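Q: Attaching a single structure in structure tokens format; questions to follow.
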Amino acid sequence: MTRELDLTSGEEDQPDLLSNPGTDRGTTLAALGIALLLMAVYLIMSSSTMLWDRDEPRFSRAAVEMYRSGDYLVPRFNGEIRPHKPALIYWLMNAGLETFGVHEWVLRLPSAFGMAMTAFITFLIGKRMFGGRAGLRAMIIFGSAAMPIYMGTAATADGTLIAWCTAAVYPFVDRLYRGPRWWHLPAIALALAMAQMAKGPVGLAVPGFMVIATGFFCRKQVRLGGDFWGGYITAIVASIGLFLAWGVAANYASGGELAKAGLGKHVLHRMFNPMEGHGASGTLGYLAMIPVYIPVIIFGLFPWTLFVPAMFSALFGRRIGTPLDRAVIFGWALPTFIMMSLVATKLPHYILPIFPPLALAIAAMIEAHKRDELSEKDHHWLRAGLWFFVPFALVGMAAPIVGGILLGDWSLIGKAMPSTILFTVIAIIAVGAVRKAQLGRATCALAIGFPIVMVVASVLALPQLEESFKVSKKVATAIRGTLGDAASVCHAGYEEGSVFFYLNLPPELSVKSIYQLVEDGKGPAMQQWADLEGKGAMITTASELEVQKFDPAAAGLKEIFRGEVVNYSKGMRRQTVIVLARNVSVPAPAQPAPAPAPPVPEGHTPPPPAN
């Protein structure tokens, strides 16, 4: 059999981070070190940017309101009950707020920890399935892929959710390979409870369907008898009981709103109807969106997309792992992929829980390659992976230049150039290594280089990019500088959660819509607001003022802020954000001091001043 790739290039002599993983204890310590490094990467990126609308500010402001109000039972956002997610993420955010205060990186800390925890558990599972070296490789692949990096730096519940979903999978996998242990079912119950506390029923569905599917796929290798299924059902019931210990009390305190909106709207309605534009309406639109997670996976796994075709070839060709290994991977990935593909509301991160098994499969494929166990067909698909990798790499290289041109910001190109050059070098190294079948060199370049590229880009380029996309912090600074920290603020045509977060008002001072403050039939809303007593600020846009045909100057309002922004939450719409203040005086610009009079020579009388 002839292979086009050079398989005699001395793969074992090529650089490989994991060429000598050492003892079992040493491998575990190495995994802990890698988890800490990944967490450091996430936190550096988290501290370099402001919050991104819309989810991040909503979670963050709800956590701050919980912290400042002392009500740790019912989450609230902008003074109103927030039934979207259970309380765990807000509790975790509050732990950081108590220690470090209100900062973006503090509110993103639970996600950074959650993704690092997921990577470490992926190592534990990989070590049990394929050995320590494959486990280390899998956790690196997972933790350094594009979507996990993004979710590890976002102040949302998804990093916490995937951590506990993966934690619920590990005792089950350990049971398959080693037999029952006393701690398996208690650990499953606790992990399932925490997953539900992170994001509701999905925290039970993702690991639960994984166990059912894997049990079916591995029925010829491991027979899970009635004792296991009875114990697993008991663990599920116990986890629901732990979840309800909070849920019943919180629902009672909210007057039933948490169950009504949290389950009815944000679970059931979301399953059958696209919400907030995340999906397509109608039968044809629904059918067209079913395969959307295929490109999401290809993009989200970048740069490890390079190995995805060969991984699937070897996996379906039964050339990696044992039948039990493959049953675990299929049972873990397929149910979540099918479930999320069928749900009407589509968001990219919904598919995140299948990234650990995909990382394990890629790691196992690389290990099989090192043992020269792949077929000619697998090597063909390994070369085909370049067709997936190179286009995304070219887009990444060109994005800063194109973005700078579209935004008219040439300084952005300069700030992004270091990361672009570094990324280009890494891509060239990886492509060249794969062409020579030196996967150790390729994985080394990607594992070290891509996180560094992301850190450099987030520190140098993203703050510059924020000048075009984020205006809320400037709005908040202008309002607080004019009205103080207890401002009366409303919005008209510009309602973004980041404004509420950066205003950092007391929980009892919510930012209301202008239409909540005026009476119907009493004339134009903006004029009514302008005629109210007391100081106040209104956040609006130039287009809204035009639609309302309202002249702020004629109404005696002062413009205290004006700024251009590209509102990415509303389809990259360009807007002019304006803040108008009522019943306040804006200091006039300071006048330059008059020039001192020339000195009068001794013996002369100065001339009288002109009339």
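Ligands are numbered from 1 in the order shown, residues from 1 within each chain, and chains are lettered A, B, ... in the order they appear in the structure tokens.
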Taking only C-alpha atoms into account, produce a table as JSON lines in which each residue of stretch 7-122 of chain A with an atom at most 7 Å from an atom of stretch 162-176 of chain A appears once, together with its shortest atom pair and the distance in Å to one decimal, ordered by chain and rising number.
A:
```
{"residue": "A:Gly114", "atom": "CA", "partner": "A:Ala163", "partner_atom": "CA", "distance": 5.2}
{"residue": "A:Met115", "atom": "CA", "partner": "A:Ala163", "partner_atom": "CA", "distance": 6.4}
{"residue": "A:Met117", "atom": "CA", "partner": "A:Ala163", "partner_atom": "CA", "distance": 6.0}
{"residue": "A:Thr118", "atom": "CA", "partner": "A:Ala163", "partner_atom": "CA", "distance": 4.6}
{"residue": "A:Ile121", "atom": "CA", "partner": "A:Ala167", "partner_atom": "CA", "distance": 6.6}
```
Q: For those residues, write N, CA, C and O atoms to a file as an mmCIF file, in the first residue's frame.
A:
```cif
data_model
loop_
_atom_site.group_PDB
_atom_site.id
_atom_site.type_symbol
_atom_site.label_atom_id
_atom_site.label_comp_id
_atom_site.auth_asym_id
_atom_site.auth_seq_id
_atom_site.Cartn_x
_atom_site.Cartn_y
_atom_site.Cartn_z
ATOM 1 N N GLY A 114 -15.316 27.387 35.283
ATOM 2 C CA GLY A 114 -16.117 26.297 34.748
ATOM 3 C C GLY A 114 -15.484 25.647 33.534
ATOM 4 O O GLY A 114 -15.479 24.410 33.404
ATOM 5 N N MET A 115 -14.933 26.449 32.627
ATOM 6 C CA MET A 115 -14.314 25.877 31.437
ATOM 7 C C MET A 115 -13.024 25.148 31.788
ATOM 8 O O MET A 115 -12.709 24.100 31.204
ATOM 9 N N MET A 117 -12.478 23.706 34.663
ATOM 10 C CA MET A 117 -12.958 22.486 35.319
ATOM 11 C C MET A 117 -13.408 21.457 34.285
ATOM 12 O O MET A 117 -13.114 20.261 34.410
ATOM 13 N N THR A 118 -14.100 21.912 33.243
ATOM 14 C CA THR A 118 -14.533 21.002 32.178
ATOM 15 C C THR A 118 -13.330 20.363 31.492
ATOM 16 O O THR A 118 -13.335 19.163 31.191
ATOM 17 N N ILE A 121 -11.919 17.639 33.788
ATOM 18 C CA ILE A 121 -12.743 16.432 33.810
ATOM 19 C C ILE A 121 -12.629 15.693 32.479
ATOM 20 O O ILE A 121 -12.666 14.453 32.436
#
```
Q: Mind checking which residues fall within 10 Å of A:Ile428, counting only C-alpha atoms, ignoring those fewer than 5 positions away in the same chain, and posting them as an MDAnalysis selection string?
A: chainID A and resid 390 393 423 433 442 445
Q: Given the selection you just returned, output its residues as a file containing N, CA, C and O atoms, formatted as a PDB file, in the first residue's frame.
A:
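So the final result, stored in again07.pdb, reads:
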```pdb
ATOM      1  N   VAL A 390      -7.724  26.009   6.301  1.00  0.00           N
ATOM      2  CA  VAL A 390      -7.134  27.156   5.607  1.00  0.00           C
ATOM      3  C   VAL A 390      -8.134  28.289   5.382  1.00  0.00           C
ATOM      4  O   VAL A 390      -7.805  29.459   5.625  1.00  0.00           O
ATOM      5  N   ALA A 393      -8.535  30.119   8.552  1.00  0.00           N
ATOM      6  CA  ALA A 393      -7.295  30.824   8.867  1.00  0.00           C
ATOM      7  C   ALA A 393      -7.173  32.102   8.047  1.00  0.00           C
ATOM      8  O   ALA A 393      -6.785  33.160   8.567  1.00  0.00           O
ATOM      9  N   PHE A 423      -0.518  34.693  14.206  1.00  0.00           N
ATOM     10  CA  PHE A 423      -1.462  33.694  13.744  1.00  0.00           C
ATOM     11  C   PHE A 423      -1.056  33.143  12.382  1.00  0.00           C
ATOM     12  O   PHE A 423      -1.164  31.939  12.122  1.00  0.00           O
ATOM     13  N   ALA A 433       3.226  21.039   8.848  1.00  0.00           N
ATOM     14  CA  ALA A 433       3.405  19.824   9.633  1.00  0.00           C
ATOM     15  C   ALA A 433       2.401  18.755   9.234  1.00  0.00           C
ATOM     16  O   ALA A 433       2.747  17.560   9.125  1.00  0.00           O
ATOM     17  N   ALA A 442       2.304  19.765  14.640  1.00  0.00           N
ATOM     18  CA  ALA A 442       1.100  20.563  14.390  1.00  0.00           C
ATOM     19  C   ALA A 442       0.335  20.845  15.682  1.00  0.00           C
ATOM     20  O   ALA A 442      -0.085  21.977  15.942  1.00  0.00           O
ATOM     21  N   ALA A 445       2.160  23.413  17.856  1.00  0.00           N
ATOM     22  CA  ALA A 445       2.008  24.789  17.369  1.00  0.00           C
ATOM     23  C   ALA A 445       0.628  25.345  17.700  1.00  0.00           C
ATOM     24  O   ALA A 445       0.495  26.490  18.157  1.00  0.00           O
TER      25      ALA A 445
END
```
Q: Have a look at A:Tyr232, A:Phe302, A:Phe113, A:Phe561 and name the one nearest to A:Pro180; count only C-alpha atoms.
A: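 Looking only at the distances to A:Pro180, the closest residue turns out to be A:Tyr232.
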Q: Which residues of stretch 87-182 of chain A come within 12 Å of stretch 368-386 of chain A, and what is each one's closest atom pair and distance in Å (one decimal), counting only C-alpha atoms, sorted by chain and residue number, as JSON lines?
A:
```
{"residue": "A:Phe130", "atom": "CA", "partner": "A:Ala368", "partner_atom": "CA", "distance": 10.2}
{"residue": "A:Arg133", "atom": "CA", "partner": "A:Lys370", "partner_atom": "CA", "distance": 11.7}
{"residue": "A:Ala134", "atom": "CA", "partner": "A:Ala368", "partner_atom": "CA", "distance": 9.9}
```
Q: Store the residues picked out above, limited to C-alpha atoms, as a CSV table (one decimal), in the first residue's frame.
A:
```csv
chain,number,residue,atom,x,y,z
A,130,PHE,CA,-7.5,6.1,26.1
A,133,ARG,CA,-1.4,11.2,27.2
A,134,ALA,CA,-4.6,11.1,25.2
```
Q: Skip stretch 356-363 of chain A itself and residues of its chain fewer than 3 positions away, then list as an MDAnalysis selection string all residues within 7 Å of it, counting only C-alpha atoms.
A: chainID A and resid 122 126 134 137:138 141:142 307:308 311 329 332:333 353 366:367
